[in-house]
Amino acid sequence: MAHPTRALFTIVSASLALLSTATAQTPDRKAVARNLVQAALVKPGDKVFISGAVRDSLLMEEIAIETMKAGGQPLIALGSERLTRRSFDDVPTSYDSIAPKLDLALIETFDVQIPIDIFEHEGVLADVPQARRTARAKAGEPATQAFYRRHARVVNLGNGLYPSATLARRLGVPQPALAAVFWKAAAVPAQTLRVKGDALAAIVANAKQVTVTHPNGTNITFALDAERDFTSDGALTAEKVSQGTAAASTYIPAGEYIAPAASGSANGTVVFDKLIWDGKVVRGLRLTFSNGRLTAMSAASPMEGLRAAYDGAGGGKDQFGYIDIGLNPETRLPVGSGRIVWTAPGSIAIGIGDNRGFGGTNASDFGFVGQLGGATIKVDGKAVVENGQLK
């Protein structure tokens with residue numbers, strides 16, 4: 001998936017869609033486009049930035065038409081994995097720190113973004129020196145800050161689950177079956193997901209302590225900044241837009257309860273059995289936190305790439321960032337392969353570092369997320385997820 005802040009403005013970021021009227025494997029492009037535009041609350045005069053790969057050019061055209069039918073003004077931009085990689089391979093290192101003037105101009109110009117995931121393969125940037133990636137992340141910080149000030153509306157189609165052959169192999173699921181799950185999960189009504197998220201929010205509202213445990217050795221306690229929590233349910237509202245750009249961003253398939261952690265509150269250990277970094281599996285990653293900060297990081301397998309990214313970053317890279325709980329009953333896909341299946345019901349994603357895309361205020365050019373399946377979450381002693389099952 002993309003950088004964990006997820007909502008960062010970029011012409012190569014993923015696109016979004018809501019397809020409640022689409023069929024399981026042959027979605028009606030017009031219906032998908034119409035629902036995306038409606039989910040983004042496009043209104044007369046809105047300037048709408050639509051991005052994706054050539055693969056989805058017909059869908060992007062339909063989104064543009066639906067935008068115009070709603071009185072909006074669309075612009076389509078194409079991106080690709082190849083372009084992303086060549087931007088490093090063919091472009092001089094001296095330009096890595098150039099000021100993001102175009103990104104800033106685009107952020108200020110567009111009211112709505114509708115991106116479609118373009119990445120199908122893992123490790124697209126593998127072997128690109130970490131120093132170059134870090135330099136670009138640091139240079140892009142002014143654009144990142146501008147994006148979160150803007151309160152733009154974002155609806156993404158893909159959510160890291162675009163049914164590619166690579167993802168199917170990673171999950172051990174036939175690609176046609178993955179596609180069927182993708183479109184079925186994408187069609188779950190926003191209201192259904194909102195009810196599930198609201199139920200969690202009501203429990204967390206006055207909670208003093210959250211505890212996450214797992215048989216793999218995970219045992220961590222923390223508090224949540226409940227005033228900044230939200231549910232990504234596939235449709236935006238005026239209230240979400242006013243809350244800020246993180247809440248005003250939704251990802252399809254939808255279904256996530258998201259809450260940033262209270263600063264300084266996390267104590268304990270998190271263990272991720274598998275995670276994917278630059279296309280390689282890191283096994284047995286163990287993270288230890290004290291008073292909200294990462295104090296130790298080790299793994300049962302090599303993790304040089306992850307370590308280099310962490311060591312080269314700045315800002316609050318060591319802060320315990322957020323939790324993300326999957327709510328979508330139709331995202332019946334394996335959790336634990338190393339790929340993040342955000343909306344899998346009862347799954348728990350835990351992030352460190354930058355958490356602005358998840359409602360928080362911690363800024364860093366490093367963000368990391370891993371996922372637990374089969375874990376238990378207790379809020380002031382009451383289980384809300386038990387052994388991976390939503391209560």
# chains A, B, ... in the order shown; residues from 1 in each chain; ligands from 1
>>> residues_around(residues="A:Gly255", least_positions_apart="4", cutoff="12 Å", atoms="only C-alpha atoms", output="PyMOL selection string")
chain A and resi 18+159+185-198+230-235+250-251+324-331+341-347
>>> write_last_selection(atoms="C-alpha atoms", output="mmCIF file, in the first residue's frame")
data_model
loop_
_atom_site.group_PDB
_atom_site.id
_atom_site.type_symbol
_atom_site.label_atom_id
_atom_site.label_comp_id
_atom_site.auth_asym_id
_atom_site.auth_seq_id
_atom_site.Cartn_x
_atom_site.Cartn_y
_atom_site.Cartn_z
ATOM 1 C CA LEU A 18 -18.037 3.599 -4.066
ATOM 2 C CA ASN A 159 -7.599 0.897 -0.395
ATOM 3 C CA ALA A 185 -16.848 -5.454 0.024
ATOM 4 C CA ALA A 186 -16.938 -2.186 -1.904
ATOM 5 C CA ALA A 187 -20.712 -2.497 -2.211
ATOM 6 C CA VAL A 188 -21.471 -2.649 1.531
ATOM 7 C CA PRO A 189 -23.656 0.407 2.311
ATOM 8 C CA ALA A 190 -21.987 3.268 4.145
ATOM 9 C CA GLN A 191 -24.765 3.287 6.735
ATOM 10 C CA THR A 192 -24.039 -0.325 7.673
ATOM 11 C CA LEU A 193 -20.382 0.489 8.274
ATOM 12 C CA ARG A 194 -21.174 3.745 10.037
ATOM 13 C CA VAL A 195 -23.334 1.939 12.614
ATOM 14 C CA LYS A 196 -20.467 -0.421 13.434
ATOM 15 C CA GLY A 197 -18.021 2.460 13.756
ATOM 16 C CA ASP A 198 -20.389 4.502 15.898
ATOM 17 C CA PHE A 230 -13.719 8.712 12.914
ATOM 18 C CA THR A 231 -15.092 5.937 10.739
ATOM 19 C CA SER A 232 -14.130 5.525 7.094
ATOM 20 C CA ASP A 233 -17.444 4.241 5.783
ATOM 21 C CA GLY A 234 -17.301 5.101 2.082
ATOM 22 C CA ALA A 235 -19.269 8.337 2.083
ATOM 23 C CA THR A 250 -12.555 7.673 2.721
ATOM 24 C CA TYR A 251 -11.274 4.543 1.057
ATOM 25 C CA ASP A 324 -7.351 1.004 12.851
ATOM 26 C CA ILE A 325 -10.014 -1.669 13.339
ATOM 27 C CA GLY A 326 -11.577 -3.416 10.319
ATOM 28 C CA LEU A 327 -15.380 -3.364 10.134
ATOM 29 C CA ASN A 328 -16.403 -4.649 6.702
ATOM 30 C CA PRO A 329 -18.201 -8.024 6.962
ATOM 31 C CA GLU A 330 -17.531 -8.809 3.304
ATOM 32 C CA THR A 331 -13.730 -8.378 3.382
ATOM 33 C CA VAL A 341 -6.118 -5.760 4.641
ATOM 34 C CA TRP A 342 -7.501 -2.639 6.242
ATOM 35 C CA THR A 343 -11.181 -3.499 6.283
ATOM 36 C CA ALA A 344 -11.028 -7.182 7.298
ATOM 37 C CA PRO A 345 -13.562 -7.524 10.146
ATOM 38 C CA GLY A 346 -11.913 -7.675 13.555
ATOM 39 C CA SER A 347 -8.419 -7.027 12.217
#
>>> select_by_dssp(residues="stretch 36-257 of chain A", states="strand (DSSP E or B)", output="PyMOL selection string")
chain A and resi 47-52+73-78+112-116+153-157+210-213+219-222+224+230-232+249-252+256-257
>>> residues_around(residues="stretch 366-376 of chain A", least_positions_apart="6", cutoff="6 Å", atoms="only C-alpha atoms", output="PyMOL selection string")
chain A and resi 4+212-214+313+317+335+347-354+385-388
>>> closest_residue(among="A:Arg150, A:Arg169, A:Lys240, A:Arg85", to="A:Gly123", atoms="only C-alpha atoms")
A:Arg85
>>> residues_around(residues="A:Ala179", least_positions_apart="4", cutoff="12 Å", atoms="only C-alpha atoms", output="list in words")
Thr23, Ala24, Gln25, Thr26, Pro27, Gly158, Leu161, Tyr162, Pro163, Ser164, Ala165, Leu167, Ala168, Val173, Pro174, Gln175, Trp183, Lys184, Ala185, Ala186, Pro253, Thr331, Arg332 and Leu333 of chain A
>>> write_last_selection(atoms="N, CA and C atoms", output="CSV table (one decimal), in the first residue's frame")
chain,number,residue,atom,x,y,z
A,23,THR,N,-22.1,-4.9,-9.7
A,23,THR,CA,-22.2,-6.3,-9.6
A,23,THR,C,-20.8,-6.8,-9.1
A,24,ALA,N,-20.8,-8.1,-8.7
A,24,ALA,CA,-19.6,-8.6,-8.0
A,24,ALA,C,-18.3,-8.5,-8.8
A,25,GLN,N,-18.3,-8.9,-10.1
A,25,GLN,CA,-17.1,-9.0,-10.8
A,25,GLN,C,-17.1,-8.1,-12.1
A,26,THR,N,-18.2,-7.6,-12.5
A,26,THR,CA,-18.3,-6.8,-13.6
A,26,THR,C,-19.0,-5.5,-13.3
A,27,PRO,N,-18.3,-4.6,-12.5
A,27,PRO,CA,-18.9,-3.4,-12.0
A,27,PRO,C,-19.4,-2.5,-13.2
A,158,GLY,N,-9.7,1.4,-4.1
A,158,GLY,CA,-8.6,0.5,-4.0
A,158,GLY,C,-8.2,0.1,-2.6
A,161,LEU,N,-6.2,-2.8,-1.9
A,161,LEU,CA,-6.8,-4.1,-2.2
A,161,LEU,C,-7.1,-4.3,-3.6
A,162,TYR,N,-6.6,-3.4,-4.5
A,162,TYR,CA,-6.9,-3.6,-5.9
A,162,TYR,C,-6.6,-5.0,-6.3
A,163,PRO,N,-7.5,-5.8,-6.9
A,163,PRO,CA,-7.3,-7.2,-7.1
A,163,PRO,C,-6.3,-7.6,-8.2
A,164,SER,N,-5.1,-7.3,-7.9
A,164,SER,CA,-4.0,-7.7,-8.8
A,164,SER,C,-3.5,-9.1,-8.6
A,165,ALA,N,-2.8,-9.6,-9.6
A,165,ALA,CA,-2.2,-10.9,-9.5
A,165,ALA,C,-1.2,-11.0,-8.4
A,167,LEU,N,-1.2,-9.3,-5.5
A,167,LEU,CA,-1.9,-9.4,-4.2
A,167,LEU,C,-2.5,-10.7,-4.1
A,168,ALA,N,-3.1,-11.3,-5.1
A,168,ALA,CA,-3.7,-12.6,-5.0
A,168,ALA,C,-2.7,-13.7,-4.6
A,173,VAL,N,-5.0,-16.4,-2.6
A,173,VAL,CA,-6.4,-16.4,-3.1
A,173,VAL,C,-6.4,-16.3,-4.6
A,174,PRO,N,-7.1,-17.1,-5.3
A,174,PRO,CA,-7.2,-16.9,-6.8
A,174,PRO,C,-7.6,-15.5,-7.1
A,175,GLN,N,-7.1,-15.0,-8.2
A,175,GLN,CA,-7.4,-13.6,-8.5
A,175,GLN,C,-8.9,-13.4,-8.8
A,183,TRP,N,-15.1,-6.3,-5.0
A,183,TRP,CA,-16.3,-5.6,-5.4
A,183,TRP,C,-17.5,-5.8,-4.4
A,184,LYS,N,-17.5,-7.0,-3.8
A,184,LYS,CA,-18.6,-7.2,-2.9
A,184,LYS,C,-18.4,-6.3,-1.6
A,185,ALA,N,-17.1,-6.3,-1.1
A,185,ALA,CA,-16.8,-5.5,0.0
A,185,ALA,C,-17.1,-4.0,-0.3
A,186,ALA,N,-16.8,-3.6,-1.5
A,186,ALA,CA,-16.9,-2.2,-1.9
A,186,ALA,C,-18.4,-1.8,-2.0
A,253,PRO,N,-12.6,-0.5,-0.9
A,253,PRO,CA,-13.7,-0.9,0.0
A,253,PRO,C,-13.5,-0.2,1.4
A,331,THR,N,-15.2,-8.3,3.7
A,331,THR,CA,-13.7,-8.4,3.4
A,331,THR,C,-13.2,-9.7,4.0
A,332,ARG,N,-13.6,-10.8,3.5
A,332,ARG,CA,-13.2,-12.1,4.0
A,332,ARG,C,-11.9,-12.5,3.3
A,333,LEU,N,-10.8,-11.9,3.7
A,333,LEU,CA,-9.5,-12.2,3.2
A,333,LEU,C,-8.5,-12.5,4.3
>>> atom_distance(atom1="atom CA of A:Gly292", atom2="atom CA of A:Gln319")
5.8 Å
>>> closest_residue(among="A:Leu41, A:Ala238, A:Ile98, A:Met68", to="A:Val112", atoms="only C-alpha atoms")
A:Leu41
>>> closest_residue(among="A:Leu78, A:Leu83, A:Ala131, A:Ala199", to="A:Asp311", atoms="only C-alpha atoms")
A:Ala131
>>> closest_residue(among="A:Phe49, A:Tyr148, A:Phe358, A:Phe110", to="A:Thr245", atoms="only C-alpha atoms")
A:Tyr148
>>> select_by_dssp(residues="stretch 80-170 of chain A", states="helix (DSSP H, G or I)", output="PDB file with N, CA and C atoms, in the first residue's frame")
ATOM      1  N   GLU A  81       3.288   2.729 -12.107  1.00  0.00           N
ATOM      2  CA  GLU A  81       4.420   2.218 -11.341  1.00  0.00           C
ATOM      3  C   GLU A  81       5.730   2.545 -12.061  1.00  0.00           C
ATOM      4  N   ARG A  82       5.716   2.397 -13.374  1.00  0.00           N
ATOM      5  CA  ARG A  82       6.927   2.652 -14.148  1.00  0.00           C
ATOM      6  C   ARG A  82       7.367   4.103 -14.017  1.00  0.00           C
ATOM      7  N   LEU A  83       6.409   5.024 -14.102  1.00  0.00           N
ATOM      8  CA  LEU A  83       6.730   6.443 -13.952  1.00  0.00           C
ATOM      9  C   LEU A  83       7.325   6.723 -12.577  1.00  0.00           C
ATOM     10  N   THR A  84       6.699   6.121 -11.549  1.00  0.00           N
ATOM     11  CA  THR A  84       7.193   6.323 -10.189  1.00  0.00           C
ATOM     12  C   THR A  84       8.638   5.855 -10.061  1.00  0.00           C
ATOM     13  N   ARG A  85       8.934   4.674 -10.597  1.00  0.00           N
ATOM     14  CA  ARG A  85      10.295   4.158 -10.506  1.00  0.00           C
ATOM     15  C   ARG A  85      11.268   4.982 -11.352  1.00  0.00           C
ATOM     16  N   ARG A  86      10.857   5.341 -12.560  1.00  0.00           N
ATOM     17  CA  ARG A  86      11.751   6.111 -13.427  1.00  0.00           C
ATOM     18  C   ARG A  86      12.026   7.503 -12.870  1.00  0.00           C
ATOM     19  N   SER A  87      11.104   8.010 -12.045  1.00  0.00           N
ATOM     20  CA  SER A  87      11.339   9.323 -11.456  1.00  0.00           C
ATOM     21  C   SER A  87      12.575   9.314 -10.567  1.00  0.00           C
ATOM     22  N   PHE A  88      12.985   8.131 -10.124  1.00  0.00           N
ATOM     23  CA  PHE A  88      14.243   7.986  -9.394  1.00  0.00           C
ATOM     24  C   PHE A  88      15.380   7.563 -10.322  1.00  0.00           C
ATOM     25  N   ASP A  89      15.100   6.572 -11.175  1.00  0.00           N
ATOM     26  CA  ASP A  89      16.173   6.016 -12.006  1.00  0.00           C
ATOM     27  C   ASP A  89      16.709   7.009 -13.026  1.00  0.00           C
ATOM     28  N   THR A  93      19.765  13.044  -8.746  1.00  0.00           N
ATOM     29  CA  THR A  93      19.592  13.132  -7.300  1.00  0.00           C
ATOM     30  C   THR A  93      19.478  14.581  -6.834  1.00  0.00           C
ATOM     31  N   SER A  94      20.106  15.479  -7.552  1.00  0.00           N
ATOM     32  CA  SER A  94      20.118  16.887  -7.137  1.00  0.00           C
ATOM     33  C   SER A  94      18.727  17.498  -7.063  1.00  0.00           C
ATOM     34  N   TYR A  95      17.745  16.875  -7.714  1.00  0.00           N
ATOM     35  CA  TYR A  95      16.391  17.414  -7.708  1.00  0.00           C
ATOM     36  C   TYR A  95      15.513  16.805  -6.611  1.00  0.00           C
ATOM     37  N   LYS A 101       6.513  23.007  -5.614  1.00  0.00           N
ATOM     38  CA  LYS A 101       5.667  24.130  -6.029  1.00  0.00           C
ATOM     39  C   LYS A 101       4.407  23.679  -6.760  1.00  0.00           C
ATOM     40  N   LEU A 102       4.537  22.689  -7.634  1.00  0.00           N
ATOM     41  CA  LEU A 102       3.360  22.225  -8.376  1.00  0.00           C
ATOM     42  C   LEU A 102       2.365  21.543  -7.438  1.00  0.00           C
ATOM     43  N   ASP A 103       2.857  20.688  -6.540  1.00  0.00           N
ATOM     44  CA  ASP A 103       1.962  20.039  -5.586  1.00  0.00           C
ATOM     45  C   ASP A 103       1.210  21.081  -4.761  1.00  0.00           C
ATOM     46  N   LEU A 104       1.914  22.108  -4.328  1.00  0.00           N
ATOM     47  CA  LEU A 104       1.265  23.157  -3.542  1.00  0.00           C
ATOM     48  C   LEU A 104       0.176  23.851  -4.348  1.00  0.00           C
ATOM     49  N   ALA A 105       0.468  24.118  -5.622  1.00  0.00           N
ATOM     50  CA  ALA A 105      -0.521  24.783  -6.473  1.00  0.00           C
ATOM     51  C   ALA A 105      -1.746  23.894  -6.683  1.00  0.00           C
ATOM     52  N   LEU A 106      -1.516  22.597  -6.891  1.00  0.00           N
ATOM     53  CA  LEU A 106      -2.630  21.675  -7.088  1.00  0.00           C
ATOM     54  C   LEU A 106      -3.473  21.543  -5.825  1.00  0.00           C
ATOM     55  N   ILE A 107      -2.820  21.470  -4.683  1.00  0.00           N
ATOM     56  CA  ILE A 107      -3.538  21.354  -3.416  1.00  0.00           C
ATOM     57  C   ILE A 107      -4.446  22.558  -3.204  1.00  0.00           C
ATOM     58  N   GLU A 108      -3.934  23.718  -3.484  1.00  0.00           N
ATOM     59  CA  GLU A 108      -4.731  24.933  -3.295  1.00  0.00           C
ATOM     60  C   GLU A 108      -5.847  25.051  -4.331  1.00  0.00           C
ATOM     61  N   THR A 109      -5.659  24.409  -5.478  1.00  0.00           N
ATOM     62  CA  THR A 109      -6.631  24.550  -6.568  1.00  0.00           C
ATOM     63  C   THR A 109      -7.832  23.632  -6.410  1.00  0.00           C
ATOM     64  N   GLN A 130      17.701   4.656   0.163  1.00  0.00           N
ATOM     65  CA  GLN A 130      16.797   5.229   1.151  1.00  0.00           C
ATOM     66  C   GLN A 130      17.033   6.718   1.321  1.00  0.00           C
ATOM     67  N   ALA A 131      18.264   7.155   1.151  1.00  0.00           N
ATOM     68  CA  ALA A 131      18.552   8.581   1.302  1.00  0.00           C
ATOM     69  C   ALA A 131      17.765   9.417   0.303  1.00  0.00           C
ATOM     70  N   ARG A 132      17.557   8.895  -0.898  1.00  0.00           N
ATOM     71  CA  ARG A 132      16.801   9.638  -1.905  1.00  0.00           C
ATOM     72  C   ARG A 132      15.320   9.694  -1.522  1.00  0.00           C
ATOM     73  N   ARG A 133      14.795   8.593  -1.060  1.00  0.00           N
ATOM     74  CA  ARG A 133      13.390   8.578  -0.666  1.00  0.00           C
ATOM     75  C   ARG A 133      13.149   9.499   0.535  1.00  0.00           C
ATOM     76  N   THR A 134      14.074   9.464   1.469  1.00  0.00           N
ATOM     77  CA  THR A 134      13.944  10.325   2.637  1.00  0.00           C
ATOM     78  C   THR A 134      14.028  11.796   2.243  1.00  0.00           C
ATOM     79  N   ALA A 135      14.943  12.109   1.326  1.00  0.00           N
ATOM     80  CA  ALA A 135      15.082  13.501   0.875  1.00  0.00           C
ATOM     81  C   ALA A 135      13.795  13.999   0.235  1.00  0.00           C
ATOM     82  N   ARG A 136      13.163  13.167  -0.574  1.00  0.00           N
ATOM     83  CA  ARG A 136      11.909  13.590  -1.209  1.00  0.00           C
ATOM     84  C   ARG A 136      10.799  13.751  -0.190  1.00  0.00           C
ATOM     85  N   ALA A 137      10.766  12.864   0.797  1.00  0.00           N
ATOM     86  CA  ALA A 137       9.733  12.975   1.824  1.00  0.00           C
ATOM     87  C   ALA A 137       9.893  14.276   2.605  1.00  0.00           C
ATOM     88  N   LYS A 138      11.119  14.610   2.937  1.00  0.00           N
ATOM     89  CA  LYS A 138      11.360  15.847   3.684  1.00  0.00           C
ATOM     90  C   LYS A 138      11.035  17.075   2.825  1.00  0.00           C
ATOM     91  N   ALA A 139      11.408  17.024   1.546  1.00  0.00           N
ATOM     92  CA  ALA A 139      11.121  18.152   0.655  1.00  0.00           C
ATOM     93  C   ALA A 139       9.622  18.334   0.459  1.00  0.00           C
ATOM     94  N   GLU A 141       7.276  17.940   2.670  1.00  0.00           N
ATOM     95  CA  GLU A 141       6.550  18.271   3.897  1.00  0.00           C
ATOM     96  C   GLU A 141       5.691  19.535   3.774  1.00  0.00           C
ATOM     97  N   PRO A 142       6.141  20.601   3.114  1.00  0.00           N
ATOM     98  CA  PRO A 142       5.257  21.762   2.966  1.00  0.00           C
ATOM     99  C   PRO A 142       3.948  21.423   2.243  1.00  0.00           C
ATOM    100  N   ALA A 143       4.022  20.537   1.264  1.00  0.00           N
ATOM    101  CA  ALA A 143       2.800  20.123   0.567  1.00  0.00           C
ATOM    102  C   ALA A 143       1.918  19.289   1.480  1.00  0.00           C
ATOM    103  N   THR A 144       2.544  18.429   2.272  1.00  0.00           N
ATOM    104  CA  THR A 144       1.778  17.618   3.223  1.00  0.00           C
ATOM    105  C   THR A 144       1.028  18.509   4.203  1.00  0.00           C
ATOM    106  N   GLN A 145       1.722  19.505   4.740  1.00  0.00           N
ATOM    107  CA  GLN A 145       1.074  20.423   5.677  1.00  0.00           C
ATOM    108  C   GLN A 145      -0.065  21.187   5.005  1.00  0.00           C
ATOM    109  N   ALA A 146       0.167  21.620   3.781  1.00  0.00           N
ATOM    110  CA  ALA A 146      -0.869  22.357   3.046  1.00  0.00           C
ATOM    111  C   ALA A 146      -2.091  21.489   2.798  1.00  0.00           C
ATOM    112  N   PHE A 147      -1.835  20.217   2.502  1.00  0.00           N
ATOM    113  CA  PHE A 147      -2.938  19.296   2.236  1.00  0.00           C
ATOM    114  C   PHE A 147      -3.848  19.159   3.448  1.00  0.00           C
ATOM    115  N   TYR A 148      -3.264  19.008   4.630  1.00  0.00           N
ATOM    116  CA  TYR A 148      -4.090  18.834   5.825  1.00  0.00           C
ATOM    117  C   TYR A 148      -4.748  20.136   6.267  1.00  0.00           C
ATOM    118  N   ARG A 149      -4.189  21.265   5.903  1.00  0.00           N
ATOM    119  CA  ARG A 149      -4.864  22.538   6.182  1.00  0.00           C
ATOM    120  C   ARG A 149      -6.054  22.757   5.261  1.00  0.00           C
ATOM    121  N   ARG A 150      -6.007  22.154   4.101  1.00  0.00           N
ATOM    122  CA  ARG A 150      -6.961  22.448   3.028  1.00  0.00           C
ATOM    123  C   ARG A 150      -8.361  21.916   3.293  1.00  0.00           C
ATOM    124  N   ALA A 165      -2.766  -9.567  -9.627  1.00  0.00           N
ATOM    125  CA  ALA A 165      -2.203 -10.911  -9.542  1.00  0.00           C
ATOM    126  C   ALA A 165      -1.204 -11.009  -8.393  1.00  0.00           C
ATOM    127  N   THR A 166      -0.434  -9.937  -8.171  1.00  0.00           N
ATOM    128  CA  THR A 166       0.555  -9.935  -7.092  1.00  0.00           C
ATOM    129  C   THR A 166      -0.111 -10.070  -5.736  1.00  0.00           C
ATOM    130  N   LEU A 167      -1.174  -9.307  -5.504  1.00  0.00           N
ATOM    131  CA  LEU A 167      -1.868  -9.381  -4.227  1.00  0.00           C
ATOM    132  C   LEU A 167      -2.514 -10.749  -4.050  1.00  0.00           C
ATOM    133  N   ALA A 168      -3.100 -11.280  -5.108  1.00  0.00           N
ATOM    134  CA  ALA A 168      -3.719 -12.601  -5.022  1.00  0.00           C
ATOM    135  C   ALA A 168      -2.704 -13.658  -4.590  1.00  0.00           C
ATOM    136  N   ARG A 169      -1.501 -13.602  -5.171  1.00  0.00           N
ATOM    137  CA  ARG A 169      -0.457 -14.559  -4.787  1.00  0.00           C
ATOM    138  C   ARG A 169      -0.050 -14.369  -3.333  1.00  0.00           C
ATOM    139  N   ARG A 170       0.082 -13.134  -2.913  1.00  0.00           N
ATOM    140  CA  ARG A 170       0.489 -12.869  -1.537  1.00  0.00           C
ATOM    141  C   ARG A 170      -0.536 -13.395  -0.540  1.00  0.00           C
TER     142      ARG A 170
END
>>> closest_residue(among="A:Arg293, A:Arg339, A:Arg228, A:Arg34", to="A:Trp277", atoms="only C-alpha atoms")
A:Arg339
>>> closest_residue(among="A:Ser265, A:Asn206, A:Asp28, A:Gly71", to="A:Leu58", atoms="only C-alpha atoms")
A:Asp28
